[in-house]
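Structure file start.cif with mmCIF, C-alpha atoms:
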```cif
data_start
loop_
_atom_site.label_atom_id
_atom_site.label_comp_id
_atom_site.auth_asym_id
_atom_site.auth_seq_id
_atom_site.Cartn_x
_atom_site.Cartn_y
_atom_site.Cartn_z
CA MET A 296 -0.03 23.28 -89.51
CA ALA A 297 1.35 26.72 -90.20
CA ILE A 298 2.26 28.93 -87.23
CA ARG A 299 0.66 31.97 -88.83
CA ASN A 300 -2.86 32.44 -90.17
CA THR A 301 -3.73 32.34 -93.85
CA THR A 302 -6.87 33.80 -95.36
CA ARG A 303 -8.29 30.24 -95.36
CA ARG A 304 -7.18 28.81 -92.04
CA TRP A 305 -6.21 29.77 -88.50
CA GLY A 306 -2.55 29.11 -87.69
CA ALA A 307 -1.20 27.24 -84.67
CA ILE A 308 -0.77 30.30 -82.45
CA ALA A 309 -4.29 31.62 -83.09
CA GLN A 310 -5.74 28.16 -82.45
CA LEU A 311 -3.75 27.70 -79.27
CA LEU A 312 -4.92 31.07 -77.94
CA HIS A 313 -8.53 30.35 -78.96
CA TRP A 314 -8.75 26.96 -77.25
CA LEU A 315 -6.78 27.97 -74.19
CA ILE A 316 -9.13 30.88 -73.60
CA ALA A 317 -12.14 28.61 -74.23
CA LEU A 318 -10.84 26.18 -71.61
CA PHE A 319 -10.19 28.99 -69.14
CA ILE A 320 -13.68 30.45 -69.62
CA ILE A 321 -15.20 27.05 -68.76
CA ALA A 322 -12.92 26.86 -65.70
CA GLN A 323 -13.98 30.38 -64.66
CA PHE A 324 -17.70 29.59 -64.78
CA THR A 325 -17.11 26.34 -62.91
CA LEU A 326 -15.12 28.07 -60.15
CA ALA A 327 -17.55 30.98 -59.90
CA LEU A 328 -20.54 28.67 -59.55
CA LEU A 329 -18.67 26.58 -56.97
CA PHE A 330 -17.65 29.42 -54.67
CA ALA A 331 -20.89 31.36 -55.06
CA ASP A 332 -22.59 29.03 -52.56
CA LEU A 333 -19.69 28.64 -50.15
CA PRO A 334 -19.56 30.44 -46.81
CA ALA A 335 -16.50 32.62 -46.16
CA GLY A 336 -13.64 30.29 -45.41
CA ALA A 337 -10.38 28.77 -46.56
CA ARG A 338 -12.05 26.80 -49.33
CA LYS A 339 -13.79 29.81 -50.81
CA LEU A 340 -10.55 31.79 -50.58
CA THR A 341 -8.69 29.08 -52.52
CA LEU A 342 -11.30 28.92 -55.28
CA LEU A 343 -11.46 32.71 -55.48
CA ALA A 344 -7.67 32.95 -55.76
CA ARG A 345 -7.69 30.45 -58.64
CA HIS A 346 -10.56 32.33 -60.30
CA LYS A 347 -8.60 35.60 -60.10
CA SER A 348 -5.37 34.05 -61.39
CA ILE A 349 -7.14 32.41 -64.33
CA GLY A 350 -9.03 35.64 -65.02
CA ILE A 351 -5.77 37.57 -65.23
CA SER A 352 -4.44 34.81 -67.51
CA ILE A 353 -7.42 35.35 -69.80
CA LEU A 354 -6.73 39.08 -69.82
CA MET A 355 -3.08 38.46 -70.77
CA LEU A 356 -4.02 35.91 -73.44
CA ALA A 357 -6.66 38.30 -74.83
CA CYS A 358 -3.95 40.97 -75.26
CA LEU A 359 -1.69 38.49 -77.05
CA ARG A 360 -4.60 37.34 -79.16
CA LEU A 361 -5.61 40.80 -80.28
CA GLY A 362 -1.97 41.62 -81.14
CA TRP A 363 -1.61 38.35 -83.06
CA ARG A 364 -4.83 39.01 -84.91
CA TRP A 365 -3.60 42.42 -86.04
CA ALA A 366 -0.28 40.97 -87.17
CA ASN A 367 -1.89 38.15 -89.16
CA PRO A 368 -4.37 37.72 -91.97
CA THR A 369 -7.87 36.81 -90.78
CA PRO A 370 -9.47 33.81 -92.52
CA THR A 371 -12.32 35.09 -94.65
CA LEU A 372 -15.93 34.18 -93.99
CA PRO A 373 -17.51 31.73 -96.48
CA ASP A 374 -18.99 33.37 -99.59
CA THR A 375 -22.29 31.68 -98.87
CA LEU A 376 -23.04 34.03 -95.98
CA LYS A 377 -25.71 36.66 -96.48
CA PRO A 378 -24.72 40.29 -95.72
CA TYR A 379 -26.70 40.36 -92.43
CA GLU A 380 -25.06 37.08 -91.39
CA ARG A 381 -21.66 38.63 -92.06
CA SER A 382 -22.56 41.66 -89.93
CA LEU A 383 -23.90 39.41 -87.20
CA ALA A 384 -20.73 37.29 -87.22
CA ARG A 385 -18.54 40.39 -87.07
CA PHE A 386 -20.59 41.89 -84.27
CA THR A 387 -20.53 38.66 -82.24
CA HIS A 388 -16.77 38.32 -82.62
CA ALA A 389 -16.19 41.96 -81.71
CA LEU A 390 -18.42 41.50 -78.65
CA LEU A 391 -16.46 38.39 -77.63
CA TYR A 392 -13.22 40.36 -77.79
CA VAL A 393 -14.68 43.25 -75.79
CA LEU A 394 -15.93 40.84 -73.12
CA LEU A 395 -12.60 38.96 -72.97
CA PHE A 396 -11.16 42.24 -71.72
CA ALA A 397 -14.14 43.66 -69.84
CA VAL A 398 -14.96 40.63 -67.67
CA PRO A 399 -11.45 40.10 -66.22
CA PHE A 400 -10.95 43.85 -65.98
CA THR A 401 -14.13 44.38 -63.92
CA GLY A 402 -13.11 41.40 -61.77
CA TRP A 403 -9.70 42.90 -61.07
CA THR A 404 -11.18 46.35 -60.35
CA MET A 405 -13.78 44.75 -58.08
CA SER A 406 -11.04 43.07 -56.08
CA SER A 407 -9.19 46.38 -55.75
CA ALA A 408 -12.37 48.14 -54.62
CA ARG A 409 -12.83 45.44 -51.98
CA GLY A 410 -9.28 46.07 -50.78
CA PHE A 411 -7.97 42.63 -51.77
CA PRO A 412 -4.90 42.86 -54.01
CA VAL A 413 -4.91 40.38 -56.90
CA SER A 414 -2.03 37.95 -57.16
CA TRP A 415 -1.25 35.90 -60.24
CA PHE A 416 -0.84 32.35 -58.89
CA GLY A 417 1.13 33.77 -55.96
CA LEU A 418 3.97 34.71 -58.33
CA PHE A 419 3.37 38.44 -58.47
CA THR A 420 0.84 40.93 -57.17
CA LEU A 421 -1.01 43.23 -59.53
CA PRO A 422 -1.41 46.91 -58.71
CA ASP A 423 -4.74 48.01 -57.28
CA LEU A 424 -6.76 49.78 -59.97
CA VAL A 425 -8.96 51.81 -57.63
CA PRO A 426 -8.81 52.67 -53.94
CA LYS A 427 -10.96 50.72 -51.51
CA ASP A 428 -14.59 51.73 -51.96
CA LYS A 429 -17.49 49.66 -50.68
CA SER A 430 -20.22 51.10 -52.93
CA LEU A 431 -17.99 50.87 -56.01
CA TYR A 432 -17.29 47.25 -55.03
CA ASN A 433 -21.00 46.44 -54.82
CA MET A 434 -21.58 48.05 -58.20
CA LEU A 435 -18.69 46.13 -59.77
CA VAL A 436 -19.92 42.80 -58.39
CA THR A 437 -23.12 43.34 -60.36
CA THR A 438 -21.26 44.56 -63.44
CA HIS A 439 -18.82 41.64 -63.39
CA THR A 440 -21.64 39.13 -62.94
CA VAL A 441 -23.86 40.60 -65.64
CA LEU A 442 -20.97 40.84 -68.12
CA ALA A 443 -19.95 37.27 -67.33
CA TRP A 444 -23.46 36.02 -68.09
CA ILE A 445 -23.50 38.04 -71.33
CA LEU A 446 -20.16 36.42 -72.20
CA GLY A 447 -21.70 33.02 -71.41
CA GLY A 448 -24.60 33.83 -73.74
CA VAL A 449 -22.38 35.07 -76.59
CA VAL A 450 -20.07 32.03 -76.22
CA THR A 451 -23.12 29.77 -76.49
CA LEU A 452 -24.22 31.64 -79.62
CA HIS A 453 -20.66 31.34 -81.00
CA LEU A 454 -20.61 27.59 -80.28
CA GLY A 455 -24.05 27.15 -81.84
CA ALA A 456 -22.96 29.01 -84.96
CA ALA A 457 -19.79 26.90 -85.26
CA LEU A 458 -21.83 23.70 -85.03
CA LYS A 459 -24.39 25.01 -87.52
CA HIS A 460 -21.58 25.78 -89.99
CA HIS A 461 -20.11 22.33 -89.52
CA PHE A 462 -23.18 20.12 -89.48
CA MET A 463 -25.82 22.07 -91.41
CA LEU A 464 -23.95 24.35 -93.80
CA LYS A 465 -21.13 21.80 -94.06
CA ASP A 466 -18.46 24.46 -94.64
CA ASP A 467 -14.99 24.60 -93.07
CA VAL A 468 -15.61 27.38 -90.54
CA LEU A 469 -15.20 25.02 -87.55
CA ARG A 470 -12.57 22.80 -89.16
CA ARG A 471 -10.19 25.65 -89.79
CA MET A 472 -10.04 26.30 -86.03
CA LEU A 473 -9.39 22.61 -85.26
CA PRO A 474 -5.76 21.53 -84.92
CA PHE A 475 -5.95 17.88 -85.96
CA VAL A 476 -8.21 18.16 -89.00
CA SER A 477 -6.59 18.40 -92.38
CA HIS A 478 -7.78 21.25 -94.49
CA LYS A 479 -9.01 20.32 -97.94
CA PRO A 480 -9.42 23.53 -99.93
CA GLN A 481 -11.26 21.85 -102.82
CA GLY A 482 -12.86 18.95 -101.03
CA SER A 483 -15.29 20.72 -98.74
CA ALA A 484 -18.90 20.36 -99.66
CA ARG A 485 -20.82 23.44 -100.52
CA MET B 161 11.86 68.70 15.81
CA ARG B 162 15.07 67.53 14.28
CA ILE B 163 15.03 64.24 12.50
CA PRO B 164 18.25 62.38 13.04
CA ALA B 165 20.17 62.01 9.77
CA PRO B 166 20.43 58.20 9.83
CA SER B 167 16.68 57.72 10.21
CA LEU B 168 16.03 60.15 7.35
CA ALA B 169 18.33 58.12 5.12
CA ALA B 170 16.59 54.93 6.19
CA PHE B 171 13.22 56.51 5.49
CA LEU B 172 14.30 57.52 1.98
CA LEU B 173 15.71 54.10 1.25
CA VAL B 174 12.52 52.35 2.32
CA SER B 175 10.20 54.74 0.51
CA PHE B 176 12.22 55.07 -2.64
CA PRO B 177 14.22 51.89 -3.06
CA SER B 178 15.32 53.03 -6.48
CA PHE B 179 17.42 55.69 -4.83
CA SER B 180 19.97 53.09 -3.87
CA ALA B 181 23.14 53.65 -5.85
CA ASP B 182 23.51 50.25 -7.54
CA ALA B 183 19.91 50.02 -8.83
CA PRO B 184 18.88 53.08 -10.86
CA ALA B 185 15.26 54.11 -11.00
CA VAL B 186 13.11 52.21 -13.47
CA PRO B 187 10.39 54.52 -14.81
CA HIS B 188 7.00 53.10 -15.59
CA TYR B 189 5.48 53.83 -18.98
CA ALA B 190 1.90 53.44 -20.10
CA LEU B 191 0.41 53.49 -23.56
CA ASP B 192 -0.70 56.61 -25.37
CA ALA B 193 -3.19 54.65 -27.46
CA ALA B 194 -4.13 57.51 -29.76
CA LYS B 195 -0.56 57.87 -31.00
CA SER B 196 0.34 54.20 -31.23
CA THR B 197 -0.07 51.49 -33.83
CA LEU B 198 0.09 47.73 -33.59
CA GLU B 199 -0.14 46.17 -37.02
CA PHE B 200 0.19 42.80 -38.67
CA SER B 201 0.76 41.80 -42.23
CA PHE B 202 0.09 38.48 -43.90
CA THR B 203 -0.18 36.93 -47.33
CA GLN B 204 -3.67 36.19 -48.55
CA ALA B 205 -4.06 34.49 -51.92
CA GLY B 206 -0.48 35.40 -52.74
CA ALA B 207 -0.79 39.11 -51.97
CA GLN B 208 0.31 41.08 -48.90
CA ASN B 209 -2.56 42.22 -46.70
CA LYS B 210 -2.56 44.34 -43.57
CA GLY B 211 -4.46 44.59 -40.36
CA LYS B 212 -4.20 46.21 -36.96
CA PHE B 213 -5.33 45.91 -33.38
CA THR B 214 -7.03 48.96 -31.97
CA HIS B 215 -7.40 47.94 -28.31
CA TYR B 216 -4.43 46.88 -26.26
CA THR B 217 -2.56 47.94 -23.20
CA VAL B 218 1.17 48.25 -22.65
CA ASN B 219 2.95 48.36 -19.35
CA PHE B 220 6.62 48.99 -19.64
CA ASP B 221 9.10 49.38 -16.81
CA PHE B 222 12.30 50.38 -18.40
CA SER B 223 15.65 51.89 -17.70
CA PRO B 224 18.59 51.34 -20.02
CA ASP B 225 20.74 51.41 -16.89
CA ASN B 226 18.72 48.81 -15.09
CA LEU B 227 17.62 46.19 -17.60
CA ALA B 228 17.42 43.59 -14.87
CA ALA B 229 14.44 45.39 -13.36
CA SER B 230 12.86 46.21 -16.74
CA ARG B 231 9.64 44.53 -17.77
CA LEU B 232 7.27 44.60 -20.69
CA GLU B 233 3.67 43.47 -20.61
CA VAL B 234 1.36 43.80 -23.61
CA THR B 235 -2.24 42.68 -23.51
CA ILE B 236 -4.22 42.70 -26.72
CA ASP B 237 -7.98 42.68 -27.04
CA VAL B 238 -7.99 40.30 -30.02
CA ALA B 239 -11.54 41.14 -31.08
CA SER B 240 -10.35 44.67 -31.85
CA LEU B 241 -8.58 43.40 -34.96
CA ALA B 242 -9.34 45.35 -38.10
CA THR B 243 -8.21 44.42 -41.60
CA GLY B 244 -10.43 46.84 -43.45
CA ASP B 245 -12.91 44.16 -44.45
CA GLN B 246 -15.89 43.27 -42.27
CA GLU B 247 -16.28 39.75 -43.63
CA ARG B 248 -12.60 38.99 -43.17
CA ASP B 249 -12.60 40.45 -39.64
CA ASP B 250 -15.56 38.27 -38.70
CA THR B 251 -13.81 35.24 -40.18
CA LEU B 252 -10.66 36.01 -38.21
CA ARG B 253 -12.67 36.26 -34.97
CA ASP B 254 -14.29 32.89 -35.60
CA ALA B 255 -13.46 29.66 -33.80
CA ASP B 256 -11.10 28.36 -36.49
CA LEU B 257 -8.83 31.38 -36.32
CA PHE B 258 -8.52 33.66 -33.26
CA ALA B 259 -11.58 32.25 -31.48
CA VAL B 260 -12.05 35.54 -29.66
CA LYS B 261 -15.06 34.34 -27.65
CA LYS B 262 -12.98 31.64 -26.03
CA PHE B 263 -9.65 33.49 -26.03
CA PRO B 264 -10.41 37.21 -25.87
CA GLN B 265 -6.88 38.27 -25.02
CA ALA B 266 -3.42 37.72 -26.40
CA ARG B 267 -0.51 38.53 -24.13
CA PHE B 268 3.18 39.13 -24.39
CA SER B 269 4.99 39.14 -21.12
CA ALA B 270 8.71 39.83 -21.13
CA THR B 271 10.62 39.31 -17.92
CA GLN B 272 13.98 39.81 -19.52
CA ILE B 273 15.13 42.72 -21.61
CA VAL B 274 18.53 42.51 -23.20
CA LYS B 275 20.67 44.90 -25.16
CA SER B 276 21.12 44.05 -28.83
CA ALA B 277 23.22 45.47 -31.64
CA SER B 278 20.41 47.65 -32.92
CA GLY B 279 18.52 48.31 -29.71
CA TYR B 280 16.93 45.90 -27.29
CA GLU B 281 15.22 42.58 -27.27
CA ALA B 282 12.30 41.63 -25.06
CA VAL B 283 12.44 37.97 -24.16
CA GLY B 284 9.34 36.40 -22.77
CA LYS B 285 6.22 34.45 -23.39
CA LEU B 286 3.65 35.13 -26.06
CA THR B 287 0.19 33.69 -25.62
CA ILE B 288 -2.30 33.63 -28.48
CA ARG B 289 -5.42 31.49 -28.14
CA ASP B 290 -4.35 28.80 -25.68
CA ALA B 291 -0.82 28.45 -26.98
CA THR B 292 2.10 29.97 -25.11
CA ARG B 293 5.53 30.10 -26.65
CA GLU B 294 8.85 31.68 -26.00
CA ALA B 295 9.20 34.83 -28.10
CA ARG B 296 11.95 37.37 -28.65
CA VAL B 297 10.80 40.76 -29.83
CA PRO B 298 13.44 43.23 -30.98
CA PHE B 299 12.68 46.89 -30.41
CA THR B 300 14.18 50.34 -30.27
CA PHE B 301 13.36 52.80 -27.53
CA ARG B 302 14.06 56.46 -27.14
CA VAL B 303 12.83 59.02 -24.66
CA ALA B 304 11.87 62.52 -25.64
CA SER B 305 11.03 65.32 -23.27
CA GLU B 306 7.73 66.80 -24.41
CA ALA B 307 6.04 69.67 -22.61
CA GLY B 308 7.50 68.73 -19.29
CA THR B 309 6.74 65.00 -19.45
CA ASN B 310 8.84 62.20 -20.76
CA ALA B 311 7.46 60.31 -23.75
CA GLY B 312 8.96 57.04 -24.80
CA TYR B 313 8.91 55.87 -28.40
CA MET B 314 9.06 52.15 -28.86
CA ALA B 315 9.16 50.51 -32.28
CA GLY B 316 9.90 47.10 -33.63
CA LYS B 317 8.98 44.30 -35.92
CA THR B 318 8.94 40.57 -35.62
CA THR B 319 7.64 37.59 -37.53
CA LEU B 320 5.49 34.85 -36.03
CA LYS B 321 4.25 31.60 -37.39
CA ARG B 322 0.47 31.66 -36.94
CA LEU B 323 0.19 27.87 -36.79
CA ASP B 324 2.55 27.80 -33.78
CA TYR B 325 -0.34 29.40 -31.91
CA GLY B 326 -3.13 27.41 -33.52
CA VAL B 327 -4.36 30.41 -35.50
CA GLY B 328 -5.73 28.26 -38.27
CA GLN B 329 -7.77 25.17 -37.50
CA GLY B 330 -9.43 22.89 -40.02
CA ASP B 331 -9.07 24.16 -43.57
CA TRP B 332 -7.11 27.17 -42.29
CA LYS B 333 -4.17 24.91 -41.44
CA ALA B 334 -3.29 25.09 -45.12
CA THR B 335 -0.74 27.79 -45.79
CA ASP B 336 -1.00 28.06 -49.58
CA GLN B 337 -3.63 30.80 -49.45
CA VAL B 338 -2.95 32.36 -46.06
CA GLY B 339 0.74 32.19 -45.28
CA ASN B 340 2.07 30.83 -42.01
CA ASP B 341 4.37 33.81 -41.52
CA VAL B 342 2.70 36.85 -40.01
CA SER B 343 4.74 39.95 -39.53
CA VAL B 344 3.87 42.10 -36.53
CA SER B 345 5.07 45.67 -36.27
CA PHE B 346 4.50 48.29 -33.65
CA ALA B 347 5.20 51.96 -33.17
CA LEU B 348 4.13 52.98 -29.70
CA ARG B 349 4.10 56.24 -27.84
CA LEU B 350 4.38 55.70 -24.13
CA THR B 351 4.09 58.22 -21.40
CA ALA B 352 6.09 58.08 -18.21
CA ALA B 353 3.94 57.88 -15.15
CA ALA B 354 4.61 60.63 -12.61
CA HIS B 355 6.33 59.38 -9.47
#
```

Reformat the file's structure so that it appears as structure tokens.
Amino acid sequence: MAIRNTTRRWGAIAQLLHWLIALFIIAQFTLALLFADLPAGARKLTLLARHKSIGISILMLACLRLGWRWANPTPTLPDTLKPYERSLARFTHALLYVLLFAVPFTGWTMSSARGFPVSWFGLFTLPDLVPKDKSLYNMLVTTHTVLAWILGGVVTLHLGAALKHHFMLKDDVLRRMLPFVSHKPQGSAR
Amino acid sequence: MRIPAPSLAAFLLVSFPSFSADAPAVPHYALDAAKSTLEFSFTQAGAQNKGKFTHYTVNFDFSPDNLAASRLEVTIDVASLATGDQERDDTLRDADLFAVKKFPQARFSATQIVKSASGYEAVGKLTIRDATREARVPFTFRVASEAGTNAGYMAGKTTLKRLDYGVGQGDWKATDQVGNDVSVSFALRLTAAAH
């Protein structure tokens, strides 16, 4: 597999970033749902610390991903798509990118507003984005939660679309993001 | 009536034992709470966090010329801890950490004060919860004359291991999220009691 993208297929770096972020998003929802019900304590603190570290990782990977996307060709959408489907796909992808930044960013700001500095796996501490502010914190908890659920919804839509392309439209939209599937430019069914 | 000189001397010696030539006076200092801070700093989830105690008393008998008679006694109302976060403060007061209902006070009692390279060191016993351990607390001390009274400025910093004192039971025994090392720093203003 090529390192860089082509107009027909995602390269190794883009795929790695895509799947790593996907894995981290699943981890984030799992952690968030786990600590949501816990009383304040050591266990909650541990899960929260992991959640914050992974969230910052997503933010860092999202930066890399956006940079890599700009520096690479983007595989084109299949010709079979109708104009509104193209617009919808573009909008969904843009929204995913926005949320990949917005969700971790609101989480980080929320932590700062609470007065808890964010550490990345205990290796370094991030600067506080805002001074301690209880009402701002309460507002950001809601914002972070709502944005996270929107992200969950858009990811589900994204997943559904990928599966529809693969199983119903039988094009290579999903395959070209999969690392171990050979790409057959002429062989794909239309 | 004339008081015979020897009995006057005896009277002075009995009333003011510190007048005797080989044991200089040891002034007593008490805390000026409004101008003092007692803080602690700890790692939480990898980041440095701070807190302070707002209620404590300090009794300090000190003369640099009579360290043998110098004493330091600090009593802390543990429930007065404040880390800037209500939920965290409540957690710290709970049974698994400071257990303030059962152990409302922490105490440092130094019976020995020694000169060190950079100032002094108070050597004594520190009690937190139900654990008492030998502790050495380095400090600096200077006296300033302010509006007719003597104010003493005492400052220092030391590091404790919270688990030595059982501050962390159950899950809190783990040190990966809340570090074992807790740094304690103080900057106290003390006022000399009038004799």

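The residues returned by the PyMOL selection byres ((chain A) within 6 of (chain B)) for this structure are Ala337, Ala344, Pro412, Ser414, Gly417 and Thr420 of chain A.
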
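Comparing A:Thr325, A:Thr387, A:Ser348, A:Thr369 by their smallest distance to A:Leu446, the closest is A:Thr387 (using all atoms listed in the file).
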
List the residues matched by the PyMOL selection byres ((chain A and resi 304) around 8) in the displayed structure as number ranges by chain, ordered by chain and then by residue number.
A: 300-303, 305-306, 370, 471-472, 478

Could you list, as a short mmCIF file (atom, residue, chain, number, x, y, z; two decimals) with C-alpha atoms, in the frame of the given file, every residue matched by the PyMOL selection byres ((chain A and resi 351) around 9) in this structure?
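Heads up, here's the output in part-v3.cif:
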```
data_model
loop_
_atom_site.label_atom_id
_atom_site.label_comp_id
_atom_site.auth_asym_id
_atom_site.auth_seq_id
_atom_site.Cartn_x
_atom_site.Cartn_y
_atom_site.Cartn_z
CA HIS A 346 -10.56 32.33 -60.30
CA LYS A 347 -8.60 35.60 -60.10
CA SER A 348 -5.37 34.05 -61.39
CA ILE A 349 -7.14 32.41 -64.33
CA GLY A 350 -9.03 35.64 -65.02
CA SER A 352 -4.44 34.81 -67.51
CA ILE A 353 -7.42 35.35 -69.80
CA LEU A 354 -6.73 39.08 -69.82
CA MET A 355 -3.08 38.46 -70.77
CA LEU A 356 -4.02 35.91 -73.44
CA PRO A 399 -11.45 40.10 -66.22
CA PHE A 400 -10.95 43.85 -65.98
CA GLY A 402 -13.11 41.40 -61.77
CA TRP A 403 -9.70 42.90 -61.07
CA VAL A 413 -4.91 40.38 -56.90
CA SER A 414 -2.03 37.95 -57.16
CA TRP A 415 -1.25 35.90 -60.24
#
```

Could you check the closest approach to B:Asp249 for each of A:Pro422, A:Pro474, A:Pro368, A:Gly336 and tell me which residue wins, using all atoms listed in the file?
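For B:Asp249, the nearest of the candidates is A:Gly336.
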